[in-house]
>>> print(open('work39.txt').read())   # compact mmCIF, C-alpha atoms
# COMPACT_ATOMS: atom_id res chain seq x y z
CA MET A 1 4.78 -20.03 -5.90
CA PRO A 2 8.53 -20.72 -5.76
CA LEU A 3 11.04 -18.09 -6.84
CA PRO A 4 12.49 -18.57 -10.35
CA GLN A 5 15.65 -20.64 -10.34
CA GLY A 6 18.75 -20.26 -12.49
CA ILE A 7 19.16 -17.73 -15.30
CA LEU A 8 16.04 -15.82 -16.40
CA ASP A 9 15.33 -15.38 -20.10
CA SER A 10 14.44 -11.68 -19.76
CA SER A 11 13.40 -9.02 -17.28
CA LEU A 12 9.78 -10.13 -17.77
CA ASP A 13 10.63 -13.23 -15.75
CA ALA A 14 11.69 -10.96 -12.89
CA ILE A 15 8.21 -9.47 -12.53
CA GLY A 16 6.59 -10.24 -9.20
CA GLN A 17 7.83 -12.90 -6.77
CA THR A 18 8.40 -10.13 -4.21
CA PRO A 19 9.20 -10.84 -0.55
CA LEU A 20 6.93 -10.62 2.48
CA VAL A 21 8.83 -8.83 5.28
CA ARG A 22 8.16 -8.18 8.96
CA LEU A 23 7.75 -4.54 9.96
CA GLN A 24 9.08 -5.40 13.40
CA ARG A 25 10.47 -1.99 14.36
CA ILE A 26 7.20 -0.23 13.60
CA ALA A 27 5.25 -3.05 15.30
CA ASP A 28 7.39 -2.70 18.43
CA ALA A 29 7.03 1.09 18.45
CA GLU A 30 3.24 0.72 18.17
CA GLY A 31 3.08 -1.95 20.87
CA LEU A 32 1.66 -4.57 18.50
CA LYS A 33 1.70 -8.26 19.33
CA CYS A 34 0.31 -9.40 15.97
CA ASN A 35 2.61 -10.05 13.01
CA LEU A 36 2.79 -6.87 10.90
CA LEU A 37 3.92 -7.96 7.44
CA ALA A 38 4.60 -6.00 4.24
CA LYS A 39 4.51 -7.20 0.64
CA LEU A 40 7.36 -5.33 -1.07
CA GLU A 41 6.01 -4.74 -4.57
CA PHE A 42 8.63 -2.07 -5.30
CA LEU A 43 11.16 -4.91 -5.64
CA SER A 44 9.52 -6.11 -8.85
CA VAL A 45 11.73 -5.41 -11.86
CA GLY A 46 9.81 -2.30 -12.97
CA GLY A 47 9.47 -0.98 -9.46
CA SER A 48 5.77 -1.54 -8.72
CA LEU A 49 2.90 -3.99 -8.51
CA LYS A 50 1.66 -2.69 -11.87
CA ASP A 51 4.35 -4.75 -13.62
CA ARG A 52 2.14 -7.77 -13.00
CA ILE A 53 -0.93 -6.40 -14.76
CA ALA A 54 1.09 -4.97 -17.66
CA LYS A 55 2.60 -8.35 -18.42
CA ARG A 56 -0.71 -10.20 -18.19
CA MET A 57 -2.71 -7.65 -20.20
CA VAL A 58 -0.19 -7.70 -23.05
CA GLU A 59 0.22 -11.48 -23.12
CA GLU A 60 -3.53 -12.12 -23.03
CA ALA A 61 -4.10 -9.52 -25.76
CA GLU A 62 -1.49 -11.29 -27.88
CA ARG A 63 -3.11 -14.65 -27.22
CA THR A 64 -6.52 -13.37 -28.36
CA GLY A 65 -5.12 -11.51 -31.38
CA ARG A 66 -5.81 -7.95 -30.15
CA LEU A 67 -2.09 -7.20 -30.25
CA VAL A 68 -0.08 -8.13 -33.33
CA PRO A 69 3.73 -7.75 -33.19
CA GLY A 70 5.04 -5.37 -35.82
CA LYS A 71 1.59 -3.87 -36.39
CA THR A 72 -0.16 -2.71 -33.20
CA THR A 73 0.50 0.48 -31.22
CA VAL A 74 -0.35 0.29 -27.51
CA ILE A 75 -2.01 3.29 -25.82
CA GLU A 76 -2.72 3.56 -22.09
CA ALA A 77 -4.02 6.18 -19.66
CA THR A 78 -2.11 5.82 -16.40
CA SER A 79 -0.81 7.57 -13.30
CA GLY A 80 2.58 6.20 -14.24
CA ASN A 81 3.29 2.77 -12.82
CA THR A 82 1.11 0.84 -15.27
CA GLY A 83 2.82 2.84 -17.99
CA ILE A 84 6.26 1.84 -16.73
CA GLY A 85 5.18 -1.80 -16.57
CA LEU A 86 3.87 -1.55 -20.14
CA GLY A 87 7.07 0.26 -21.11
CA LEU A 88 9.09 -2.77 -20.00
CA VAL A 89 6.86 -5.25 -21.77
CA CYS A 90 6.47 -3.23 -24.96
CA ALA A 91 10.21 -2.50 -25.16
CA LEU A 92 10.98 -6.21 -25.06
CA LYS A 93 8.18 -7.23 -27.41
CA GLY A 94 8.62 -4.36 -29.89
CA TYR A 95 5.29 -2.53 -29.53
CA PRO A 96 5.22 1.28 -29.92
CA LEU A 97 3.73 2.76 -26.73
CA ILE A 98 1.84 6.00 -26.08
CA ILE A 99 1.16 7.01 -22.46
CA THR A 100 -1.26 9.73 -21.36
CA LEU A 101 -0.29 11.00 -17.92
CA PRO A 102 -1.89 13.61 -15.60
CA ALA A 103 0.28 16.67 -14.95
CA LYS A 104 0.69 16.02 -11.21
CA MET A 105 2.54 12.75 -11.78
CA SER A 106 6.26 12.92 -11.11
CA LEU A 107 8.97 13.90 -13.57
CA GLU A 108 10.78 10.68 -12.62
CA LYS A 109 7.89 8.63 -14.05
CA GLU A 110 7.96 10.57 -17.31
CA ALA A 111 11.75 10.24 -17.59
CA THR A 112 11.58 6.49 -16.96
CA LEU A 113 8.86 6.07 -19.55
CA ARG A 114 10.81 8.05 -22.15
CA ALA A 115 13.92 6.01 -21.41
CA LEU A 116 11.88 2.89 -22.21
CA GLY A 117 10.90 4.40 -25.56
CA ALA A 118 7.35 5.55 -24.80
CA GLU A 119 5.75 8.73 -26.12
CA ILE A 120 4.21 10.84 -23.32
CA ILE A 121 1.25 13.23 -23.40
CA ARG A 122 0.60 15.21 -20.22
CA THR A 123 -3.01 16.12 -19.36
CA PRO A 124 -4.55 18.52 -16.80
CA THR A 125 -4.73 16.96 -13.33
CA GLU A 126 -8.02 18.74 -12.63
CA ALA A 127 -9.76 17.36 -15.75
CA ALA A 128 -12.65 15.02 -14.83
CA PHE A 129 -12.25 11.43 -15.98
CA ASP A 130 -15.01 11.82 -18.60
CA SER A 131 -13.59 15.07 -20.00
CA PRO A 132 -12.02 14.88 -23.48
CA GLU A 133 -9.01 16.67 -21.92
CA SER A 134 -8.39 14.02 -19.24
CA HIS A 135 -5.74 11.32 -19.60
CA ILE A 136 -8.55 8.85 -20.33
CA GLY A 137 -10.22 11.18 -22.83
CA VAL A 138 -6.99 11.91 -24.70
CA ALA A 139 -6.15 8.21 -24.88
CA LYS A 140 -9.54 7.51 -26.45
CA ARG A 141 -9.08 10.28 -29.04
CA LEU A 142 -5.68 8.95 -29.98
CA GLN A 143 -7.01 5.42 -30.35
CA GLN A 144 -9.75 6.65 -32.68
CA ARG A 145 -7.28 8.50 -34.90
CA ILE A 146 -4.21 6.22 -34.96
CA PRO A 147 -4.63 3.11 -37.13
CA ASP A 148 -4.00 -0.30 -35.55
CA SER A 149 -3.85 1.11 -32.04
CA VAL A 150 -5.25 -0.56 -28.92
CA ILE A 151 -6.05 0.69 -25.43
CA LEU A 152 -5.53 -2.20 -23.00
CA ASP A 153 -7.52 -0.18 -20.43
CA GLN A 154 -6.51 -1.18 -16.92
CA TYR A 155 -9.77 0.33 -15.61
CA THR A 156 -11.99 -2.26 -17.32
CA ASN A 157 -9.61 -5.08 -18.26
CA LEU A 158 -10.32 -8.19 -16.17
CA ASP A 159 -6.71 -9.30 -16.59
CA ASN A 160 -5.88 -6.54 -14.10
CA PRO A 161 -7.51 -8.20 -11.05
CA LEU A 162 -6.73 -11.65 -12.44
CA ALA A 163 -3.00 -10.89 -12.38
CA HIS A 164 -3.25 -10.31 -8.63
CA GLU A 165 -5.64 -13.17 -7.99
CA LEU A 166 -3.24 -15.57 -9.71
CA THR A 167 0.10 -14.17 -8.49
CA THR A 168 0.16 -11.52 -5.74
CA GLY A 169 -2.40 -13.16 -3.46
CA PRO A 170 -0.98 -16.68 -3.79
CA GLU A 171 2.55 -15.37 -3.13
CA ILE A 172 1.38 -13.82 0.16
CA ILE A 173 -0.38 -17.04 1.16
CA ASP A 174 2.61 -19.20 0.21
CA ALA A 175 4.99 -17.05 2.27
CA ILE A 176 2.82 -17.28 5.39
CA VAL A 177 2.12 -21.00 4.98
CA SER A 178 5.81 -21.73 4.37
CA ASP A 179 6.83 -19.74 7.44
CA TYR A 180 4.17 -21.52 9.53
CA GLY A 181 5.35 -24.92 8.31
CA SER A 182 8.94 -24.20 9.30
CA HIS A 183 8.11 -23.04 12.84
CA SER A 184 10.02 -24.32 15.81
CA ALA A 185 9.18 -23.95 19.49
CA THR A 186 11.17 -20.69 19.62
CA SER A 187 9.65 -19.14 16.48
CA ARG A 188 7.09 -16.36 16.44
CA LYS A 189 3.51 -17.54 16.67
CA SER A 190 1.40 -17.62 13.50
CA THR A 191 -2.10 -18.69 12.53
CA GLY A 192 -0.65 -19.87 9.22
CA MET A 193 -3.21 -17.71 7.39
CA VAL A 194 -3.74 -14.18 6.16
CA ASP A 195 -5.95 -12.73 8.90
CA VAL A 196 -6.08 -9.12 7.69
CA LEU A 197 -5.12 -7.71 4.28
CA VAL A 198 -4.77 -3.94 3.78
CA VAL A 199 -4.54 -2.52 0.25
CA GLY A 200 -4.61 0.99 -1.18
CA ALA A 201 -7.06 1.32 -4.07
CA GLY A 202 -6.43 2.86 -7.48
CA THR A 203 -7.98 0.94 -10.36
CA GLY A 204 -9.00 -1.59 -7.69
CA GLY A 205 -7.41 -4.51 -9.46
CA THR A 206 -5.02 -5.29 -6.62
CA ILE A 207 -7.57 -5.32 -3.81
CA THR A 208 -10.19 -7.15 -5.88
CA GLY A 209 -7.85 -9.86 -7.14
CA CYS A 210 -5.96 -10.37 -3.88
CA SER A 211 -9.21 -10.53 -1.93
CA HIS A 212 -10.48 -13.36 -4.11
CA SER A 213 -7.39 -15.45 -3.47
CA VAL A 214 -6.88 -14.76 0.24
CA LYS A 215 -10.57 -15.32 1.04
CA ALA A 216 -10.46 -18.64 -0.80
CA HIS A 217 -7.59 -19.51 1.56
CA ASN A 218 -9.23 -18.02 4.68
CA PRO A 219 -12.90 -17.02 4.36
CA ASP A 220 -12.62 -15.10 7.64
CA CYS A 221 -9.82 -12.84 6.35
CA LEU A 222 -10.70 -9.16 6.79
CA VAL A 223 -9.90 -7.13 3.66
CA ILE A 224 -9.49 -3.39 4.21
CA GLY A 225 -9.36 -0.85 1.40
CA VAL A 226 -7.55 2.46 1.88
CA ASP A 227 -8.62 5.45 -0.22
CA PRO A 228 -7.06 8.94 -0.28
CA LYS A 229 -9.14 11.83 1.02
CA GLY A 230 -10.48 13.55 -2.10
CA SER A 231 -11.08 10.28 -3.96
CA ILE A 232 -14.51 8.62 -4.21
CA LEU A 233 -13.62 4.91 -4.20
CA ALA A 234 -14.53 4.17 -0.58
CA TYR A 235 -17.86 2.64 0.40
CA PRO A 236 -20.29 3.64 1.80
CA ASP A 237 -20.30 6.82 -0.23
CA SER A 238 -20.76 8.88 2.93
CA LEU A 239 -17.05 8.29 3.66
CA ASN A 240 -16.17 10.39 0.61
CA LYS A 241 -16.79 13.82 2.11
CA SER A 242 -17.53 16.66 -0.25
CA THR A 243 -15.45 18.94 1.98
CA ASP A 244 -12.27 17.02 1.10
CA SER A 245 -10.24 18.67 -1.67
CA PRO A 246 -10.41 16.62 -4.88
CA ILE A 247 -6.73 17.43 -5.45
CA TYR A 248 -4.39 15.28 -3.36
CA GLN A 249 -0.66 14.81 -3.83
CA VAL A 250 -0.26 11.08 -3.24
CA GLU A 251 0.05 9.33 -6.61
CA GLY A 252 -1.23 6.07 -8.05
CA ILE A 253 -4.29 5.58 -5.86
CA GLY A 254 -7.75 7.17 -5.71
CA TYR A 255 -10.00 8.35 -8.54
CA ASP A 256 -12.97 10.58 -9.30
CA PHE A 257 -14.86 7.61 -10.79
CA ILE A 258 -15.36 3.93 -9.93
CA PRO A 259 -13.27 1.70 -12.23
CA LYS A 260 -15.15 -1.34 -13.51
CA VAL A 261 -12.49 -3.76 -12.24
CA LEU A 262 -13.03 -2.60 -8.64
CA ASP A 263 -15.48 -4.60 -6.55
CA ARG A 264 -15.71 -2.25 -3.59
CA PHE A 265 -18.45 -4.08 -1.72
CA ALA A 266 -18.41 -6.87 0.86
CA PRO A 267 -17.43 -9.66 0.83
CA THR A 268 -14.61 -8.54 -1.51
CA VAL A 269 -13.78 -5.46 0.58
CA ASP A 270 -15.00 -5.64 4.17
CA LYS A 271 -14.09 -2.12 5.27
CA TRP A 272 -12.84 1.16 3.83
CA LEU A 273 -10.66 3.82 5.46
CA LYS A 274 -9.85 7.35 4.27
CA ILE A 275 -6.30 8.67 4.65
CA GLY A 276 -5.05 12.16 3.80
CA ASP A 277 -1.70 13.34 2.48
CA GLU A 278 -0.86 14.64 5.96
CA GLU A 279 -0.99 11.05 7.27
CA ALA A 280 0.39 9.26 4.21
CA PHE A 281 3.70 11.03 3.69
CA PRO A 282 4.92 10.82 7.32
CA ALA A 283 4.01 7.11 7.28
CA ALA A 284 6.07 6.64 4.10
CA MET A 285 9.02 8.33 5.82
CA ARG A 286 8.58 5.98 8.80
CA LEU A 287 8.93 3.02 6.46
CA ILE A 288 12.08 4.55 5.00
CA LYS A 289 13.70 5.61 8.27
CA GLU A 290 12.55 2.86 10.64
CA GLU A 291 12.38 -0.18 8.35
CA ALA A 292 14.89 0.87 5.64
CA LEU A 293 12.24 0.31 2.95
CA LEU A 294 12.56 2.84 0.11
CA VAL A 295 8.85 3.25 -0.59
CA GLY A 296 6.64 5.81 -2.29
CA GLY A 297 3.78 7.87 -0.91
CA SER A 298 1.01 5.35 -1.58
CA SER A 299 2.84 2.85 0.63
CA GLY A 300 2.53 5.46 3.37
CA THR A 301 -1.21 5.65 2.71
CA ALA A 302 -1.49 1.88 3.11
CA LEU A 303 0.60 1.80 6.31
CA ALA A 304 -1.26 4.77 7.82
CA GLY A 305 -4.55 2.98 7.15
CA THR A 306 -3.23 -0.24 8.67
CA LEU A 307 -2.06 1.46 11.87
CA LYS A 308 -5.26 3.49 12.15
CA TRP A 309 -7.34 0.30 12.05
CA LEU A 310 -5.06 -1.52 14.51
CA ARG A 311 -5.24 1.39 16.97
CA GLU A 312 -9.02 1.66 16.77
CA GLU A 313 -11.34 -1.11 15.57
CA GLY A 314 -8.61 -3.73 15.42
CA LYS A 315 -7.26 -3.22 18.95
CA SER A 316 -8.06 -6.76 20.05
CA LEU A 317 -6.47 -8.38 17.00
CA ALA A 318 -3.45 -6.06 17.32
CA GLN A 319 -2.78 -7.58 20.74
CA THR A 320 -3.22 -11.19 19.60
CA GLU A 321 0.03 -13.05 19.02
CA GLY A 322 0.13 -15.00 15.78
CA LYS A 323 -2.44 -12.99 13.84
CA ASN A 324 -1.03 -12.03 10.44
CA VAL A 325 -1.74 -8.51 9.21
CA VAL A 326 -0.46 -7.95 5.67
CA VAL A 327 -0.10 -4.54 4.02
CA ILE A 328 0.83 -4.21 0.36
CA LEU A 329 3.48 -1.57 -0.41
CA PRO A 330 2.87 -0.72 -4.09
CA ASP A 331 5.97 1.13 -5.28
CA GLY A 332 9.29 2.71 -4.35
CA ILE A 333 10.83 6.13 -3.78
CA ARG A 334 12.56 6.12 -7.21
CA ASN A 335 9.51 7.80 -8.74
CA TYR A 336 9.23 10.59 -6.14
CA MET A 337 12.70 11.80 -5.22
CA SER A 338 12.03 15.30 -6.56
CA LYS A 339 8.69 15.64 -4.75
CA PRO A 340 8.52 18.20 -1.92
CA TRP A 341 7.09 15.71 0.60
CA PHE A 342 10.23 13.59 0.25
CA LEU A 343 12.88 16.27 -0.28
CA GLU A 344 11.73 18.45 2.60
CA SER A 345 11.81 15.53 5.02
CA ALA A 346 14.93 13.83 3.71
CA THR A 347 17.09 16.97 3.48
CA GLN A 348 15.86 18.79 6.56
CA GLU A 349 18.80 19.31 8.89
CA LYS A 350 18.20 18.08 12.42
CA GLU A 351 20.67 18.20 15.27
CA THR A 352 20.94 14.53 16.13
CA THR A 353 23.18 13.03 18.79
CA LEU A 354 25.57 11.88 16.08
CA ALA A 355 25.57 15.33 14.48
CA ARG A 356 26.63 16.84 17.81
CA VAL A 357 29.41 14.27 18.16
CA ILE A 358 30.66 15.13 14.66
CA LYS A 359 30.52 18.85 15.41
CA GLN A 360 32.47 18.44 18.63
CA ALA A 361 35.04 16.21 16.91
CA LEU A 362 35.65 18.80 14.17
CA GLU A 363 35.94 21.65 16.66
CA LYS A 364 38.73 19.98 18.64
CA ASN A 365 42.22 21.26 18.07
CA ASP A 366 44.65 18.70 16.66
>>> encode(input="work39.txt", output="structure tokens")
Amino acid sequence: MPLPQGILDSSLDAIGQTPLVRLQRIADAEGLKCNLLAKLEFLSVGGSLKDRIAKRMVEEAERTGRLVPGKTTVIEATSGNTGIGLGLVCALKGYPLIITLPAKMSLEKEATLRALGAEIIRTPTEAAFDSPESHIGVAKRLQQRIPDSVILDQYTNLDNPLAHELTTGPEIIDAIVSDYGSHSATSRKSTGMVDVLVVGAGTGGTITGCSHSVKAHNPDCLVIGVDPKGSILAYPDSLNKSTDSPIYQVEGIGYDFIPKVLDRFAPTVDKWLKIGDEEAFPAAMRLIKEEALLVGGSSGTALAGTLKWLREEGKSLAQTEGKNVVVILPDGIRNYMSKPWFLESATQEKETTLARVIKQALEKND
């Protein structure tokens, strides 16, 4: 899927088409011989992979007559990024937008949504998905009481996984095939295929849709889902330990129910891993500090899962030159700059070699 050429008609044409980048510094530090590659979804115009599903859900709803310009109000329950994607689309197309958002989600997400013209209702983080007080429950109540309103419902809407099956997955494949086709004798080795795909799971649309496309390209591709500790998306269910706190700080992934768009079984998802906040946030900071990629916490979850698999079950593949391991990085640090996990790490003063040089330079007499 070639990048758009020339002048784009609107920001909607800047959704997706994100680069695939080598994580060479982390790969070298981990002693990996495989190609460790990252899909940088935070470089989409709205800042996350959810831009893709927002655009497709709205356009398909327009095509089928569910959304009528000048008449319909859009309502959506979201952890924030789908809301921001819908905020972009609805702002350009003129649809009023109401977003229901759990309390734990960042202030930056709320501010961005309000800047795009959305109305925001915060709901208790601890409310179960089927509670009338949850973000899903409140969205349903609003839809019942507001005339000409529609919930696009990312949790059940098949245009969610289809957006990734038709765009995200093919973009990953095209990047690897193009790189393979341009190889010279001095280039890095490559199988020319996606050998392993690692994806964090929220609604499940990304992992379900991307799996369909990459497995059509390479039936032997191993697809690994990463689920936060405290969530129940992983399979088998025994992975979801009751001793894990149901409240976790990483945003945008994990749920206390199984969304209908998620196919969590093989052959769609071959393996599941559980990653806690204590692994996710340091991994996100590694991406920022070592690879200069300004990612959010869920990208850390995905990277931590990738490295865990490569160190353990995937040891042999990790040491095989040319194998392509792709991890999807869902969003950027823009949404989380006020969060303690970022601020405490980013602003913590450490006496580095350069800091000592600066101190000595300032202490010298002129």
>>> residues_around(input="work39.txt", residues="Glu251 of chain A", least_positions_apart="5", cutoff="10 Å", atoms="all atoms listed in the file", output="PyMOL selection string")
chain A and resi 79-81+104-106+202+228+296-298+335-336
>>> atom_distance(input="work39.txt", atom1="atom CA of Ser149 of chain A", atom2="atom CA of Glu41 of chain A")
29.8 Å
>>> atom_distance(input="work39.txt", atom1="atom CA of Thr73 of chain A", atom2="atom CA of Gly47 of chain A")
23.6 Å
>>> atom_distance(input="work39.txt", atom1="atom CA of Thr78 of chain A", atom2="atom CA of Ala111 of chain A")
14.6 Å
>>> closest_residue(input="work39.txt", among="A:Asp227, A:Ile172, A:Asp237, A:Leu273", to="Glu312 of chain A", atoms="all atoms listed in the file")
A:Leu273
>>> residues_near_point(input="work39.txt", point="(-5.1, 6.2, -27.0)", cutoff="10 Å", atoms="all atoms listed in the file", output="number ranges by chain")
A: 73-77, 97-100, 135-146, 149-153
>>> closest_residue(input="work39.txt", among="A:Lys39, A:Val89, A:Gly31, A:Glu290", to="Asp13 of chain A", atoms="all atoms listed in the file")
A:Val89
